[in-house]
Amino acid sequence: MGLMLKGAYLEDDPQPDTAQDGEFRRAKSTIRNWITGDGSAGPVGEGGFGAESGRYHLFLAWNCPWAHRALLACLFKGLQNDIGASFAAPRRTADGWVFEEDGEFADPVFGAKALHEIYARVEPAYTGRVTVPVLWDLERGLAVSNESADIVRMLDQSFDGGLRLFPDDLAENIESWNERIYNTVNNGVYRAGFARTQEAYDRAVAEVFETLDLIERQLDETRFLAGDVFTEADLRLFPTLARFDVAYHYAFKCNIRRLQDYPNLWAYARAIYQMPGVADTVRFSIYKQGYFSPSPLRNPLGIVPAGPEIDWTTPHGRA
Ligand SMILES: N[C@@H](CCC(=O)N[C@@H](CS)C(=O)NCC(=O)O)C(=O)O
């Protein structure tokens with residue numbers, strides 16, 4: 001993974017995410033302003049980002065689970081025609097995330113060749129990771145946020161319409177699922193896959209499955225994580241579930257069980273997949289291309305496995 005240092009993109013990160021104990025640690029997001037209804041400042045960052053249709057654009061990659069959150073937030077808030085999106089090509093290169101000249105992986109806004117060009121627009125001497133998603137303000141010509149959790153929350157709170165993803169009465173319950181699922185599942189699969197010691201891997205993989213087992217039991221009681229309505233907690237779990245059997249099980253060695261081995265969780269994942277519009281946010285073959293990219297540590301030849309074949313369209317049977 002690369003890093004941008006004073007505006008220059010470096011292929012080899014001088015500050016790798018993997019610390020000496022072999023544990024993967026995800027770098028903190030660097031741009032954290034908020035869109036709000038009236039443009040006043042949000043909980044962090046600067047103000048001046050009012051909620052307006054046509055004003056904002058997302059830089060995404062289909063394979064990235066954090067970018068998937070932003071796409072799902074647009075869907076559930078009914079904002080697909082209000083917020084545009086550019087999708088980077090699935091495989092990162094020496095230039096990091098890149099765009100093609102035309103077609104589905106082109107950037108219609110700036111015609112950028114690489115995502116680091118967008119970050120250089122934020123600040124010519126930008127230093128930090130060059131990650132998707134990025135929420136961009138077309139009017140002011142600057143980035144609002146590169147933190148997916150904030151993007152989901154601000155779209156829910158600032159735009160009217162669509163589903164309420166973070167209702168006040170479920171806030172505490174949602175936050176508690178979010179925290180556990182972020183550490184042990186969303187980022188947990190990366191902690192397993194990017195671990196550089198046996199011990200770090202063992203810890204991470206055990207936590208992934210402890211939480212999946214817990215969710216399996218919860219889904220005996222309730223239709224969704226925080227009760228009988230779909231919330232932000234489900235939105236944040238789904239991208240990891242969609243990638244689990246095709247990517248994490250094999251590429252990240254999260255192979256104690258498959259998603260398909262959990263009756264409740266697998267039916268719940270299909271129930272979400274079968275909600276209107278969700279299947280359009282999913283690209284299984286791109287997940288494989290991305291997670292089986294050439295990597296000296298994980299997949300030196302970059303060969304993409306043929307399977308598994310999974311049918312997400314079978315009836316889920318959850319009321
Ligand atoms: N905190 C960010 C994390 C985003 C992230 O790590 N995205 C990955 C792709 S899945 C990325 O772009 N990595 C590029 C890099 O670190 O060089 C968020 O949740 O929005």
# chains A, B, ... in the order shown; residues from 1 in each chain; ligands from 1
>>> residues_around(residues="stretch 265-269 of chain A", least_positions_apart="6", cutoff="6 Å", atoms="only C-alpha atoms", output="MDAnalysis selection string")
chainID A and resid 216 259 316
>>> residues_around(residues="A:Leu237", least_positions_apart="6", cutoff="8 Å", atoms="only C-alpha atoms", output="MDAnalysis selection string")
chainID A and resid 181 185:186
>>> write_last_selection(atoms="N, CA and C atoms", output="short mmCIF file (atom, residue, chain, number, x, y, z; two decimals), in the first residue's frame")
data_model
loop_
_atom_site.label_atom_id
_atom_site.label_comp_id
_atom_site.auth_asym_id
_atom_site.auth_seq_id
_atom_site.Cartn_x
_atom_site.Cartn_y
_atom_site.Cartn_z
N ILE A 181 -18.46 -4.76 15.71
CA ILE A 181 -18.34 -5.26 14.34
C ILE A 181 -17.19 -4.60 13.59
N VAL A 185 -14.95 -7.61 12.87
CA VAL A 185 -15.44 -8.16 11.61
C VAL A 185 -15.01 -7.29 10.42
N ASN A 186 -15.51 -6.05 10.33
CA ASN A 186 -15.17 -5.19 9.18
C ASN A 186 -13.65 -5.07 9.05
#
>>> closest_residue(among="A:His57, A:Arg283, A:Arg236, A:Arg257", to="ligand 1", atoms="only C-alpha atoms and all ligand atoms")
A:Arg236
>>> closest_atom_pairs(of="stretch 196-277 of chain A", to="stretch 162-180 of chain A", cutoff="9 Å", atoms="only C-alpha atoms", output="Markdown table")
| residue | atom | partner | partner_atom | distance |
| --- | --- | --- | --- | --- |
| A:Thr211 | CA | A:Arg180 | CA | 7.7 |
| A:Leu225 | CA | A:Trp177 | CA | 7.5 |
| A:Ala226 | CA | A:Ile174 | CA | 6.0 |
| A:Gly227 | CA | A:Leu170 | CA | 8.4 |
| A:Phe230 | CA | A:Leu165 | CA | 7.2 |
| A:Thr231 | CA | A:Leu165 | CA | 4.5 |
| A:Glu232 | CA | A:Leu165 | CA | 4.8 |
| A:Ala233 | CA | A:Ile174 | CA | 5.5 |
| A:Asp234 | CA | A:Ile174 | CA | 8.9 |
| A:Leu235 | CA | A:Leu165 | CA | 8.3 |
| A:Arg236 | CA | A:Asn178 | CA | 7.5 |
| A:Leu237 | CA | A:Asn178 | CA | 8.3 |
>>> write_last_selection(atoms="C-alpha atoms", output="tab-separated table (two decimals), in the first residue's frame")
chain	number	residue	atom	x	y	z
A	211	THR	CA	-18.56	-12.09	16.62
A	225	LEU	CA	-29.04	-6.39	14.40
A	226	ALA	CA	-30.64	-3.66	16.49
A	227	GLY	CA	-34.20	-4.95	16.34
A	230	PHE	CA	-32.77	-2.23	9.13
A	231	THR	CA	-30.30	0.33	10.54
A	232	GLU	CA	-26.80	1.68	10.09
A	233	ALA	CA	-25.42	-1.36	11.96
A	234	ASP	CA	-26.78	-3.69	9.25
A	235	LEU	CA	-25.57	-1.35	6.50
A	236	ARG	CA	-22.04	-1.53	7.95
A	237	LEU	CA	-22.06	-5.32	8.36
>>> residues_near_ligand(ligand="ligand 1", cutoff="9 Å", atoms="only C-alpha atoms and all ligand atoms", output="ChimeraX atom specification")
/A:1-4,11,13,17,26-30,60-61,63-67,69-70,92,96-97,128-134,145-151
>>> write_last_selection(atoms="N, CA and C atoms", output="CSV table (one decimal), in the first residue's frame")
chain,number,residue,atom,x,y,z
A,1,MET,N,0.8,-1.2,0.0
A,1,MET,CA,0.0,0.0,0.0
A,1,MET,C,0.9,1.2,0.0
A,2,GLY,N,0.4,2.2,-0.7
A,2,GLY,CA,1.3,3.4,-0.9
A,2,GLY,C,0.9,4.5,0.1
A,3,LEU,N,1.6,5.6,0.0
A,3,LEU,CA,1.4,6.7,0.9
A,3,LEU,C,1.7,8.0,0.1
A,4,MET,N,1.0,9.0,0.4
A,4,MET,CA,1.4,10.3,-0.3
A,4,MET,C,2.1,11.1,0.8
A,11,GLU,N,5.1,4.4,-3.8
A,11,GLU,CA,4.5,3.1,-3.9
A,11,GLU,C,4.8,2.3,-2.6
A,13,ASP,N,5.3,2.2,1.2
A,13,ASP,CA,4.9,3.0,2.3
A,13,ASP,C,6.0,3.0,3.3
A,17,ASP,N,1.3,-0.2,7.7
A,17,ASP,CA,0.2,-0.3,8.7
A,17,ASP,C,0.5,-1.5,9.7
A,26,ARG,N,-5.2,0.0,10.9
A,26,ARG,CA,-5.7,0.8,9.9
A,26,ARG,C,-5.4,2.3,10.2
A,27,ALA,N,-4.8,3.0,9.3
A,27,ALA,CA,-4.5,4.4,9.5
A,27,ALA,C,-5.8,5.2,9.7
A,28,LYS,N,-5.7,6.3,10.5
A,28,LYS,CA,-6.9,7.1,10.8
A,28,LYS,C,-7.2,7.9,9.5
A,29,SER,N,-8.5,8.2,9.3
A,29,SER,CA,-8.9,9.0,8.2
A,29,SER,C,-8.4,10.4,8.4
A,30,THR,N,-8.1,11.1,7.3
A,30,THR,CA,-7.4,12.4,7.4
A,30,THR,C,-8.3,13.6,7.1
A,60,LEU,N,-15.0,6.2,-5.4
A,60,LEU,CA,-15.2,4.9,-4.8
A,60,LEU,C,-14.4,3.8,-5.6
A,61,ALA,N,-14.4,2.6,-5.1
A,61,ALA,CA,-14.0,1.4,-5.8
A,61,ALA,C,-15.0,0.3,-5.4
A,63,ASN,N,-14.7,-2.8,-5.1
A,63,ASN,CA,-14.3,-3.8,-4.2
A,63,ASN,C,-14.1,-3.4,-2.8
A,64,CYS,N,-14.0,-2.1,-2.6
A,64,CYS,CA,-13.7,-1.6,-1.2
A,64,CYS,C,-14.9,-1.6,-0.3
A,65,PRO,N,-14.8,-2.3,0.8
A,65,PRO,CA,-16.0,-2.4,1.7
A,65,PRO,C,-16.4,-1.1,2.3
A,66,TRP,N,-15.4,-0.2,2.5
A,66,TRP,CA,-15.7,1.1,3.2
A,66,TRP,C,-16.4,2.0,2.1
A,67,ALA,N,-16.0,1.8,0.9
A,67,ALA,CA,-16.7,2.6,-0.2
A,67,ALA,C,-18.1,2.0,-0.4
A,69,ARG,N,-20.1,1.0,1.9
A,69,ARG,CA,-21.0,1.7,2.9
A,69,ARG,C,-21.6,3.0,2.3
A,70,ALA,N,-20.7,3.8,1.6
A,70,ALA,CA,-21.2,5.1,1.1
A,70,ALA,C,-22.2,4.8,0.0
A,92,ARG,N,-5.3,-2.1,-7.7
A,92,ARG,CA,-4.4,-1.0,-7.5
A,92,ARG,C,-3.1,-1.2,-8.3
A,96,GLY,N,-1.3,3.4,-7.0
A,96,GLY,CA,-2.4,3.2,-6.1
A,96,GLY,C,-3.7,3.0,-6.9
A,97,TRP,N,-4.8,3.6,-6.4
A,97,TRP,CA,-6.1,3.5,-7.1
A,97,TRP,C,-6.0,4.3,-8.4
A,128,GLY,N,-0.5,11.6,3.6
A,128,GLY,CA,-1.4,10.6,4.2
A,128,GLY,C,-1.7,9.5,3.2
A,129,ARG,N,-2.6,8.6,3.6
A,129,ARG,CA,-3.0,7.5,2.7
A,129,ARG,C,-4.0,8.0,1.7
A,130,VAL,N,-4.0,7.3,0.6
A,130,VAL,CA,-4.8,7.7,-0.5
A,130,VAL,C,-5.9,6.7,-0.7
A,131,THR,N,-7.0,6.9,0.1
A,131,THR,CA,-8.0,5.9,0.2
A,131,THR,C,-9.4,6.3,-0.4
A,132,VAL,N,-10.2,5.3,-0.8
A,132,VAL,CA,-11.6,5.5,-1.1
A,132,VAL,C,-12.3,5.0,0.2
A,133,PRO,N,-13.5,5.6,0.4
A,133,PRO,CA,-14.2,6.6,-0.3
A,133,PRO,C,-13.7,8.0,0.0
A,134,VAL,N,-13.9,8.9,-1.0
A,134,VAL,CA,-13.8,10.3,-0.8
A,134,VAL,C,-15.1,11.0,-1.2
A,145,SER,N,-14.9,14.6,3.2
A,145,SER,CA,-14.6,13.6,4.1
A,145,SER,C,-14.0,12.4,3.4
A,146,ASN,N,-13.0,11.7,4.1
A,146,ASN,CA,-12.6,10.4,3.6
A,146,ASN,C,-12.8,9.3,4.6
A,147,GLU,N,-13.8,9.5,5.5
A,147,GLU,CA,-14.2,8.5,6.5
A,147,GLU,C,-15.6,8.0,6.3
A,148,SER,N,-15.6,6.7,5.9
A,148,SER,CA,-16.9,6.1,5.5
A,148,SER,C,-18.0,6.2,6.6
A,149,ALA,N,-17.5,5.9,7.9
A,149,ALA,CA,-18.5,5.9,9.0
A,149,ALA,C,-19.2,7.3,9.1
A,150,ASP,N,-18.4,8.4,8.9
A,150,ASP,CA,-18.9,9.7,9.0
A,150,ASP,C,-19.8,10.0,7.8
A,151,ILE,N,-19.4,9.5,6.6
A,151,ILE,CA,-20.2,9.7,5.4
A,151,ILE,C,-21.6,9.1,5.5
>>> atom_distance(atom1="atom CA of A:Leu75", atom2="atom CA of A:Leu155")
10.6 Å
>>> closest_residue(among="A:Gly193, A:Gly22, A:Gly188, A:Pro308", to="A:Ala206", atoms="only C-alpha atoms")
A:Gly188
>>> residues_around(residues="stretch 292-297 of chain A", least_positions_apart="2", cutoff="10 Å", atoms="only C-alpha atoms", output="JSON, numbers by chain")
{"A": [1, 90, 91, 92, 93, 194, 196, 247, 250, 251, 252, 286, 287, 288, 289, 290, 299, 300, 301, 302, 303, 304, 305]}
>>> closest_residue(among="A:Arg298, A:His68, A:Asp38, A:Glu207", to="A:Arg243", atoms="only C-alpha atoms")
A:His68
>>> residues_around(residues="A:Ala89", least_positions_apart="2", cutoff="6 Å", atoms="only C-alpha atoms", output="ChimeraX atom specification")
/A:91,98-99,105
>>> residues_around(residues="A:Phe59", least_positions_apart="5", cutoff="9 Å", atoms="only C-alpha atoms", output="PyMOL selection string")
chain A and resi 67+84-88+107+115+118+132-136
>>> select_by_dssp(residues="stretch 94-247 of chain A", states="strand (DSSP E)", output="ChimeraX atom specification")
/A:134-137,142-145
>>> residues_around(residues="stretch 45-48 of chain A", least_positions_apart="5", cutoff="8 Å", atoms="only C-alpha atoms", output="list in words")
Arg32, Asn33, Trp34, Ile35, Gly39 and Ser40 of chain A
>>> closest_residue(among="A:Ser53, A:Asn183, A:Gln260, A:Ser285", to="A:Asn81", atoms="only C-alpha atoms")
A:Ser53
>>> closest_residue(among="A:Gly78, A:Val144, A:Ala125, A:Val282", to="A:Leu241", atoms="only C-alpha atoms")
A:Val282
>>> atom_distance(atom1="atom CA of A:Tyr190", atom2="atom CA of A:Phe24")
7.3 Å
>>> select_by_dssp(residues="stretch 63-252 of chain A", states="alpha helix (DSSP H)", output="PyMOL selection string")
chain A and resi 65-76+115-122+148-158+171-181+188-193+198-221+232-243+249-251
>>> closest_residue(among="A:Asp280, A:Tyr182, A:Cys254, A:Tyr9", to="A:Tyr201", atoms="only C-alpha atoms")
A:Cys254
>>> atom_distance(atom1="atom CA of A:Gln218", atom2="atom CA of A:Tyr262")
12.1 Å
>>> decode(residues="stretch 188-227 of chain A", atoms="N, CA and C atoms", output="tab-separated table (two decimals), in the first residue's frame")
chain	number	residue	atom	x	y	z
A	188	GLY	N	-11.71	-6.66	11.27
A	188	GLY	CA	-11.19	-7.94	11.78
A	188	GLY	C	-10.68	-8.84	10.67
A	189	VAL	N	-11.40	-8.89	9.56
A	189	VAL	CA	-10.95	-9.73	8.44
A	189	VAL	C	-9.62	-9.21	7.88
A	190	TYR	N	-9.45	-7.89	7.87
A	190	TYR	CA	-8.16	-7.31	7.43
A	190	TYR	C	-7.07	-7.62	8.46
A	191	ARG	N	-7.42	-7.60	9.74
A	191	ARG	CA	-6.43	-7.94	10.78
A	191	ARG	C	-5.98	-9.38	10.62
A	192	ALA	N	-6.89	-10.26	10.18
A	192	ALA	CA	-6.49	-11.65	9.92
A	192	ALA	C	-5.65	-11.72	8.63
A	193	GLY	N	-6.15	-11.10	7.58
A	193	GLY	CA	-5.50	-11.21	6.27
A	193	GLY	C	-4.16	-10.52	6.17
A	194	PHE	N	-3.99	-9.43	6.88
A	194	PHE	CA	-2.75	-8.66	6.81
A	194	PHE	C	-1.81	-8.94	7.98
A	195	ALA	N	-2.18	-9.87	8.85
A	195	ALA	CA	-1.32	-10.19	10.01
A	195	ALA	C	0.04	-10.67	9.51
A	196	ARG	N	1.06	-10.30	10.24
A	196	ARG	CA	2.41	-10.75	9.83
A	196	ARG	C	3.02	-11.73	10.82
A	197	THR	N	2.26	-12.13	11.82
A	197	THR	CA	2.74	-13.20	12.70
A	197	THR	C	1.57	-14.17	12.93
A	198	GLN	N	1.91	-15.41	13.28
A	198	GLN	CA	0.89	-16.41	13.58
A	198	GLN	C	-0.02	-15.92	14.70
A	199	GLU	N	0.62	-15.32	15.74
A	199	GLU	CA	-0.16	-14.90	16.91
A	199	GLU	C	-1.17	-13.83	16.53
A	200	ALA	N	-0.73	-12.87	15.72
A	200	ALA	CA	-1.63	-11.78	15.33
A	200	ALA	C	-2.78	-12.34	14.50
A	201	TYR	N	-2.48	-13.27	13.61
A	201	TYR	CA	-3.53	-13.91	12.81
A	201	TYR	C	-4.49	-14.69	13.71
A	202	ASP	N	-3.93	-15.49	14.61
A	202	ASP	CA	-4.77	-16.33	15.49
A	202	ASP	C	-5.76	-15.48	16.28
A	203	ARG	N	-5.25	-14.37	16.81
A	203	ARG	CA	-6.12	-13.47	17.59
A	203	ARG	C	-7.24	-12.93	16.71
A	204	ALA	N	-6.85	-12.43	15.54
A	204	ALA	CA	-7.84	-11.76	14.69
A	204	ALA	C	-8.89	-12.76	14.20
A	205	VAL	N	-8.46	-13.92	13.73
A	205	VAL	CA	-9.41	-14.86	13.13
A	205	VAL	C	-10.39	-15.38	14.20
A	206	ALA	N	-9.88	-15.59	15.42
A	206	ALA	CA	-10.78	-16.05	16.48
A	206	ALA	C	-11.85	-15.00	16.75
A	207	GLU	N	-11.45	-13.73	16.74
A	207	GLU	CA	-12.41	-12.66	17.03
A	207	GLU	C	-13.45	-12.53	15.91
A	208	VAL	N	-13.02	-12.70	14.67
A	208	VAL	CA	-13.97	-12.65	13.55
A	208	VAL	C	-15.10	-13.64	13.82
A	209	PHE	N	-14.73	-14.89	14.15
A	209	PHE	CA	-15.76	-15.93	14.26
A	209	PHE	C	-16.54	-15.86	15.57
A	210	GLU	N	-15.89	-15.34	16.62
A	210	GLU	CA	-16.67	-15.14	17.87
A	210	GLU	C	-17.81	-14.15	17.61
A	211	THR	N	-17.50	-13.08	16.88
A	211	THR	CA	-18.56	-12.09	16.62
A	211	THR	C	-19.60	-12.64	15.64
A	212	LEU	N	-19.17	-13.35	14.61
A	212	LEU	CA	-20.16	-13.93	13.69
A	212	LEU	C	-21.07	-14.90	14.44
A	213	ASP	N	-20.50	-15.69	15.37
A	213	ASP	CA	-21.31	-16.62	16.16
A	213	ASP	C	-22.34	-15.86	17.01
A	214	LEU	N	-21.88	-14.74	17.58
A	214	LEU	CA	-22.78	-13.91	18.40
A	214	LEU	C	-23.91	-13.35	17.54
A	215	ILE	N	-23.57	-12.89	16.36
A	215	ILE	CA	-24.61	-12.32	15.47
A	215	ILE	C	-25.59	-13.43	15.07
A	216	GLU	N	-25.07	-14.60	14.83
A	216	GLU	CA	-25.94	-15.73	14.46
A	216	GLU	C	-27.01	-15.94	15.54
A	217	ARG	N	-26.59	-15.85	16.82
A	217	ARG	CA	-27.55	-16.02	17.92
A	217	ARG	C	-28.52	-14.85	17.99
A	218	GLN	N	-28.00	-13.64	17.79
A	218	GLN	CA	-28.87	-12.45	17.81
A	218	GLN	C	-29.97	-12.56	16.76
A	219	LEU	N	-29.61	-13.10	15.60
A	219	LEU	CA	-30.57	-13.16	14.49
A	219	LEU	C	-31.63	-14.24	14.68
A	220	ASP	N	-31.49	-15.02	15.77
A	220	ASP	CA	-32.57	-15.90	16.21
A	220	ASP	C	-33.68	-15.08	16.85
A	221	GLU	N	-33.26	-13.97	17.48
A	221	GLU	CA	-34.18	-13.14	18.27
A	221	GLU	C	-34.79	-12.02	17.45
A	222	THR	N	-33.99	-11.39	16.62
A	222	THR	CA	-34.47	-10.19	15.89
A	222	THR	C	-34.18	-10.35	14.41
A	223	ARG	N	-34.95	-9.59	13.64
A	223	ARG	CA	-34.80	-9.67	12.18
A	223	ARG	C	-33.49	-9.02	11.73
A	224	PHE	N	-33.15	-7.89	12.35
A	224	PHE	CA	-31.90	-7.19	12.04
A	224	PHE	C	-31.10	-7.05	13.33
A	225	LEU	N	-29.92	-6.41	13.24
A	225	LEU	CA	-29.04	-6.39	14.40
A	225	LEU	C	-29.62	-5.66	15.61
A	226	ALA	N	-30.19	-4.47	15.36
A	226	ALA	CA	-30.64	-3.66	16.49
A	226	ALA	C	-32.13	-3.80	16.75
A	227	GLY	N	-32.76	-4.76	16.14
A	227	GLY	CA	-34.20	-4.95	16.34
A	227	GLY	C	-34.84	-5.42	15.05
